[in-house]
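Enquirer: Here's a structure for you.
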Amino acid sequence: LSIHAEHPMFPLLRREQEFLKRFTEINLPLQFPRLRFVLESISTINALDVVERYENVGASVTAHHLMLTTDDVIGNHANLCMPVPKSDRHRKRLLEAVVQGESSRIFFASDSDPRLQSEKNRAIGIPGLYTAPEALPLLTRAFVNNARVANMGDFVSIIGPRFYQLPEPSGIIEIIAQGHFVLDPTDEIIPIVVDVSPPKADEDAETIPPPPPDLVADPIVPFCSGQVIEWTVRYDR
């Protein structure tokens with residue numbers, strides 16, 4: 001059972017703690033000992049404590065929750081996500097648990113959620129970070145900077161499937177020590193076009209329609225736009 005562990009009746013910064021408080025008060029995992037629970041995209045020390053307490057509870061952690069704190073979100077809707085990143089104390093403890101490989105039930109979540117620039121720039125911004133292109137380079141930075149790069153493969157690829165009792169993935173992803181610049185959405189358009197209408201008889205099936213004008217003018221905002229990340233995934237193998 002995958003759970004976004006936030007109680008909607010509390011302020012944003014308390015929602016995860018309040019949900020977990022009730023989750024443990026009724027000892028839900030003990031009521032269903034054969035059911036595996038996953039706390040998705042955790043952001044607090046409290047969630048780590050819950051994973052340690054129950055053998056049938058796991059948790060996923062995103063790359064951005066290892067980087068961001070509340071200060072990075074206030075006044076910058078580009079970094080707004082749910083759960084909202086907490087204080088640096090919580091971030092550091094999450095980072096420590098991940099890079100040290102402290103638990104066989106804590107694993108990676110990309111939680112990539114592309115948003116248009118207009119959505120992120122609203123007075124009340126829309127949560128969601130487009131992290132897919134940068135998640136692995138950012139994780140590499142975290143593991144290398146903490147001298148625990150040997151633990152990264154298990155966190156990304158092995159622990160999650162084992163907890164879900166799924167086959168472990170095969171293949172190799174190569175990440176090289178080569179910096180790349182994450183383009184700002186004002187510098188490049190990242191169009192997503194989905195045409196579900198059936199092709200006409202006289203149309204070439206290979207023809208890709210141009211993106212609509214409104215999407216060209218309203219690009220998707222990538223996470224870490226305008227920054228240089230010193231690691232790059234190599235796709236040519």
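Letters A, B, ... mark the chains of the structure tokens in the order given; residue numbers begin at 1 per chain; ligand numbers begin at 1, in order shown.
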Leaving out Arg162 (chain A) and any residue of its chain fewer than 5 positions from it, which residues lie within 12 Å of it when counting only C-alpha atoms, given as a list in words?
Expert: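 In the requested form, the answer reads Arg36, Gly58, Ser104, Arg105, Ile106, Phe107, Asp154, Phe155, Val156, Ser157, Pro167, Glu168 and Pro169 of chain A.
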Enquirer: Would you return as a ChimeraX atom specification the members of region 50-219 of chain A that DSSP assigns to strand (DSSP E or B) on this structure's backbone?
Expert: /A:57-61,106-108,116,130,174-176,180-181
Enquirer: What does the file look like for those residues with C-alpha atoms, as a PDB file, in the first residue's frame?
Expert:
ATOM      1  CA  VAL A  57       6.903  -0.408   6.335  1.00  0.00           C
ATOM      2  CA  GLY A  58       9.268   1.037   3.751  1.00  0.00           C
ATOM      3  CA  ALA A  59       9.792   4.552   2.453  1.00  0.00           C
ATOM      4  CA  SER A  60      10.909   6.273  -0.708  1.00  0.00           C
ATOM      5  CA  VAL A  61      13.122   9.365  -0.769  1.00  0.00           C
ATOM      6  CA  ILE A 106      14.470   3.005   2.261  1.00  0.00           C
ATOM      7  CA  PHE A 107      14.779   3.467  -1.470  1.00  0.00           C
ATOM      8  CA  PHE A 108      14.723   5.950  -4.331  1.00  0.00           C
ATOM      9  CA  LEU A 116       4.327  24.560 -16.924  1.00  0.00           C
ATOM     10  CA  TYR A 130      10.381  18.049 -13.186  1.00  0.00           C
ATOM     11  CA  GLU A 174      26.545   5.135 -16.803  1.00  0.00           C
ATOM     12  CA  ILE A 175      27.048   8.426 -15.000  1.00  0.00           C
ATOM     13  CA  ILE A 176      30.182  10.334 -15.907  1.00  0.00           C
ATOM     14  CA  HIS A 180      26.176  20.068 -17.763  1.00  0.00           C
ATOM     15  CA  PHE A 181      24.069  23.202 -17.608  1.00  0.00           C
TER      16      PHE A 181
END
Enquirer: Kindly indicate which residue among A:Leu68, A:Pro85, A:Arg34, A:Arg53 lies nearest to Arg14 (chain A), using only C-alpha atoms for the distances.
Expert: A:Pro85
Enquirer: Which polymer residues have any atom within 12 Å of an atom of Glu119 (chain A), counting only C-alpha atoms, with same-chain residues fewer than 5 positions away left out, as a list in words?
Expert: His77, Ala78, Leu80, Asp113, Pro114, Ile124, Gly125, Ile126, Pro127, Gly128, Leu129, Asp218, Pro219, Ile220 and Val221 of chain A
Enquirer: Would you please work out which residue, of A:Thr62, A:Ser103, A:Thr70, A:Asn27, is nearest to Thr131 (chain A) when using only C-alpha atoms?
Expert: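 When distances to Thr131 (chain A) are compared using only C-alpha atoms, the smallest one comes from A:Thr62.
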Enquirer: Which residues, written as number ranges by chain, have at least one atom at most 12 Å from Arg234 (chain A), with only C-alpha atoms counted and residues fewer than 3 positions away on the same chain left out?
Expert: A: 133, 136-137, 172-180, 231, 237
Enquirer: Convert the current residue selection to file output with N, CA and C atoms, as a PDB file, in the first residue's frame.
Expert:
ATOM      1  N   PRO A 133      15.261  14.336 -15.613  1.00  0.00           N
ATOM      2  CA  PRO A 133      16.569  14.402 -16.266  1.00  0.00           C
ATOM      3  C   PRO A 133      17.743  14.570 -15.305  1.00  0.00           C
ATOM      4  N   LEU A 136      19.350  11.403 -11.187  1.00  0.00           N
ATOM      5  CA  LEU A 136      20.520  10.543 -10.986  1.00  0.00           C
ATOM      6  C   LEU A 136      21.812  11.346 -10.849  1.00  0.00           C
ATOM      7  N   PRO A 137      22.055  12.369 -11.675  1.00  0.00           N
ATOM      8  CA  PRO A 137      23.241  13.202 -11.422  1.00  0.00           C
ATOM      9  C   PRO A 137      23.240  13.843 -10.035  1.00  0.00           C
ATOM     10  N   ILE A 172      22.825  -1.430 -17.306  1.00  0.00           N
ATOM     11  CA  ILE A 172      23.768  -0.490 -16.705  1.00  0.00           C
ATOM     12  C   ILE A 172      23.386   0.933 -17.083  1.00  0.00           C
ATOM     13  N   ILE A 173      23.415   1.805 -16.104  1.00  0.00           N
ATOM     14  CA  ILE A 173      23.291   3.248 -16.339  1.00  0.00           C
ATOM     15  C   ILE A 173      24.649   3.861 -16.025  1.00  0.00           C
ATOM     16  N   GLU A 174      25.224   4.541 -16.993  1.00  0.00           N
ATOM     17  CA  GLU A 174      26.545   5.135 -16.803  1.00  0.00           C
ATOM     18  C   GLU A 174      26.411   6.618 -16.488  1.00  0.00           C
ATOM     19  N   ILE A 175      27.036   7.021 -15.404  1.00  0.00           N
ATOM     20  CA  ILE A 175      27.048   8.426 -15.000  1.00  0.00           C
ATOM     21  C   ILE A 175      28.494   8.884 -14.980  1.00  0.00           C
ATOM     22  N   ILE A 176      28.798   9.907 -15.727  1.00  0.00           N
ATOM     23  CA  ILE A 176      30.182  10.334 -15.907  1.00  0.00           C
ATOM     24  C   ILE A 176      30.427  11.680 -15.236  1.00  0.00           C
ATOM     25  N   ALA A 177      31.686  11.909 -14.877  1.00  0.00           N
ATOM     26  CA  ALA A 177      32.085  13.162 -14.233  1.00  0.00           C
ATOM     27  C   ALA A 177      32.251  14.241 -15.302  1.00  0.00           C
ATOM     28  N   GLN A 178      31.126  14.700 -15.781  1.00  0.00           N
ATOM     29  CA  GLN A 178      31.107  15.747 -16.813  1.00  0.00           C
ATOM     30  C   GLN A 178      29.961  16.688 -16.496  1.00  0.00           C
ATOM     31  N   GLY A 179      30.289  17.942 -16.290  1.00  0.00           N
ATOM     32  CA  GLY A 179      29.264  18.894 -15.922  1.00  0.00           C
ATOM     33  C   GLY A 179      28.351  19.236 -17.083  1.00  0.00           C
ATOM     34  N   HIS A 180      27.111  19.584 -16.750  1.00  0.00           N
ATOM     35  CA  HIS A 180      26.176  20.068 -17.763  1.00  0.00           C
ATOM     36  C   HIS A 180      25.322  21.167 -17.165  1.00  0.00           C
ATOM     37  N   TRP A 231      27.710  16.074 -12.730  1.00  0.00           N
ATOM     38  CA  TRP A 231      27.610  14.685 -13.197  1.00  0.00           C
ATOM     39  C   TRP A 231      26.559  14.598 -14.287  1.00  0.00           C
ATOM     40  N   ARG A 237      25.159   4.295 -24.724  1.00  0.00           N
ATOM     41  CA  ARG A 237      25.595   2.898 -24.621  1.00  0.00           C
ATOM     42  C   ARG A 237      24.406   1.976 -24.749  1.00  0.00           C
TER      43      ARG A 237
END
Enquirer: Name the closest residue to Leu30 (chain A) among the candidates A:Glu55, A:Asp49, A:Asp88, A:Asp72; distances are taken between atoms, counting only C-alpha atoms.
Expert: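 Ranked by minimum distance to Leu30 (chain A), first place goes to A:Glu55.
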Enquirer: Would you pick out the contacts of Asn145 (chain A) at 10 Å or less, using only C-alpha atoms, so that residues sharing its chain but fewer than 5 positions from it are not included, and give the list as a list in words?
Expert: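 Contacts, with the query itself left out: Val99, Leu139 and Thr140 of chain A.
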Enquirer: Got time to write the residues from that selection, N, CA, C and O atoms, as an mmCIF file, in the first residue's frame?
Expert:
data_model
loop_
_atom_site.group_PDB
_atom_site.id
_atom_site.type_symbol
_atom_site.label_atom_id
_atom_site.label_comp_id
_atom_site.auth_asym_id
_atom_site.auth_seq_id
_atom_site.Cartn_x
_atom_site.Cartn_y
_atom_site.Cartn_z
ATOM 1 N N VAL A 99 22.581 7.874 2.261
ATOM 2 C CA VAL A 99 23.943 7.600 1.774
ATOM 3 C C VAL A 99 24.643 6.539 2.608
ATOM 4 O O VAL A 99 25.493 5.794 2.095
ATOM 5 N N LEU A 139 21.743 12.677 -7.306
ATOM 6 C CA LEU A 139 22.033 11.620 -6.333
ATOM 7 C C LEU A 139 23.513 11.273 -6.332
ATOM 8 O O LEU A 139 24.105 11.031 -5.278
ATOM 9 N N THR A 140 24.113 11.237 -7.511
ATOM 10 C CA THR A 140 25.549 10.946 -7.600
ATOM 11 C C THR A 140 26.341 11.976 -6.815
ATOM 12 O O THR A 140 27.275 11.633 -6.069
#
Enquirer: Excluding Pro8 (chain A) and any residue of its chain fewer than 5 positions from it, enumerate the residues within 12 Å of it, using only C-alpha atoms, and give them as a compact mmCIF listing (two decimals) with all heavy atoms, in the first residue's frame.
Expert:
# COMPACT_ATOMS: atom_id res chain seq x y z
N LEU A 13 3.53 22.33 6.88
CA LEU A 13 4.76 21.86 7.50
C LEU A 13 4.51 20.83 8.61
O LEU A 13 5.47 20.24 9.12
CB LEU A 13 5.57 23.02 8.04
CG LEU A 13 6.13 23.97 6.99
CD1 LEU A 13 6.88 25.13 7.63
CD2 LEU A 13 7.05 23.23 6.01
N ARG A 14 3.27 20.61 8.97
CA ARG A 14 2.95 19.63 10.01
C ARG A 14 2.24 18.39 9.46
O ARG A 14 2.01 17.43 10.21
CB ARG A 14 2.06 20.27 11.08
CG ARG A 14 2.74 21.32 11.93
CD ARG A 14 3.81 20.71 12.82
NE ARG A 14 3.30 19.59 13.62
CZ ARG A 14 4.09 18.76 14.29
NH1 ARG A 14 5.41 18.90 14.24
NH2 ARG A 14 3.57 17.77 14.99
N ARG A 15 1.90 18.40 8.21
CA ARG A 15 1.03 17.34 7.68
C ARG A 15 1.65 15.95 7.77
O ARG A 15 0.96 14.98 8.09
CB ARG A 15 0.65 17.65 6.23
CG ARG A 15 -0.34 18.79 6.11
CD ARG A 15 -0.73 19.05 4.66
NE ARG A 15 -1.70 20.14 4.58
CZ ARG A 15 -2.23 20.58 3.45
NH1 ARG A 15 -1.88 20.02 2.29
NH2 ARG A 15 -3.09 21.57 3.47
N GLU A 16 2.92 15.83 7.45
CA GLU A 16 3.54 14.50 7.50
C GLU A 16 3.62 13.99 8.94
O GLU A 16 3.27 12.84 9.22
CB GLU A 16 4.93 14.54 6.87
CG GLU A 16 5.58 13.17 6.76
CD GLU A 16 6.84 13.19 5.91
OE1 GLU A 16 6.78 13.68 4.76
OE2 GLU A 16 7.88 12.72 6.40
N GLN A 17 4.06 14.82 9.85
CA GLN A 17 4.17 14.40 11.25
C GLN A 17 2.81 14.01 11.83
O GLN A 17 2.70 13.02 12.56
CB GLN A 17 4.79 15.51 12.11
CG GLN A 17 6.25 15.80 11.78
CD GLN A 17 6.41 16.96 10.82
OE1 GLN A 17 5.61 17.11 9.88
NE2 GLN A 17 7.43 17.78 11.03
N GLU A 18 1.77 14.78 11.50
CA GLU A 18 0.45 14.50 12.04
C GLU A 18 -0.13 13.21 11.48
O GLU A 18 -0.79 12.45 12.20
CB GLU A 18 -0.50 15.68 11.78
CG GLU A 18 -0.12 16.97 12.50
CD GLU A 18 -0.19 16.84 14.01
OE1 GLU A 18 -0.88 15.93 14.51
OE2 GLU A 18 0.47 17.66 14.71
N PHE A 19 0.11 12.96 10.20
CA PHE A 19 -0.35 11.70 9.63
C PHE A 19 0.35 10.52 10.31
O PHE A 19 -0.29 9.54 10.70
CB PHE A 19 -0.08 11.66 8.12
CG PHE A 19 -0.45 10.34 7.50
CD1 PHE A 19 -1.72 10.15 6.97
CD2 PHE A 19 0.45 9.27 7.45
CE1 PHE A 19 -2.08 8.93 6.40
CE2 PHE A 19 0.10 8.05 6.90
CZ PHE A 19 -1.17 7.89 6.37
N MET A 82 5.40 18.55 -2.87
CA MET A 82 4.72 17.96 -1.73
C MET A 82 5.28 16.56 -1.48
O MET A 82 5.41 15.79 -2.44
CB MET A 82 3.21 17.87 -2.00
CG MET A 82 2.56 19.22 -2.28
SD MET A 82 2.50 20.29 -0.85
CE MET A 82 1.11 19.57 0.02
N PRO A 83 5.57 16.23 -0.22
CA PRO A 83 5.52 17.09 0.95
C PRO A 83 6.50 18.27 0.82
O PRO A 83 7.54 18.15 0.18
CB PRO A 83 5.94 16.17 2.10
CG PRO A 83 5.77 14.77 1.60
CD PRO A 83 6.01 14.85 0.12
Enquirer: Report, in Å with one decimal, the straight-line distance from CA of Tyr235 (chain A) to CA of Leu138 (chain A).
Expert: 16.5 Å
Enquirer: Among region 33-170 of chain A, which residues carry a DSSP assignment of alpha helix (DSSP H), reported as a count of residues only?
Expert: 48
Enquirer: So, with only C-alpha atoms as the atoms that count, which of A:Ala142, A:Ala109, A:Ile74, A:Ala123 lies closest to Val38 (chain A)?
Expert: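 Residue with the minimum atom-to-atom distance to Val38 (chain A): A:Ala109.
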Enquirer: Name all residues at most 7 Å from Ile45 (chain A) (count only C-alpha atoms; drop same-chain ones fewer than 6 positions away) and give them as a list in words.
Expert: His90, Arg93 and Leu94 of chain A
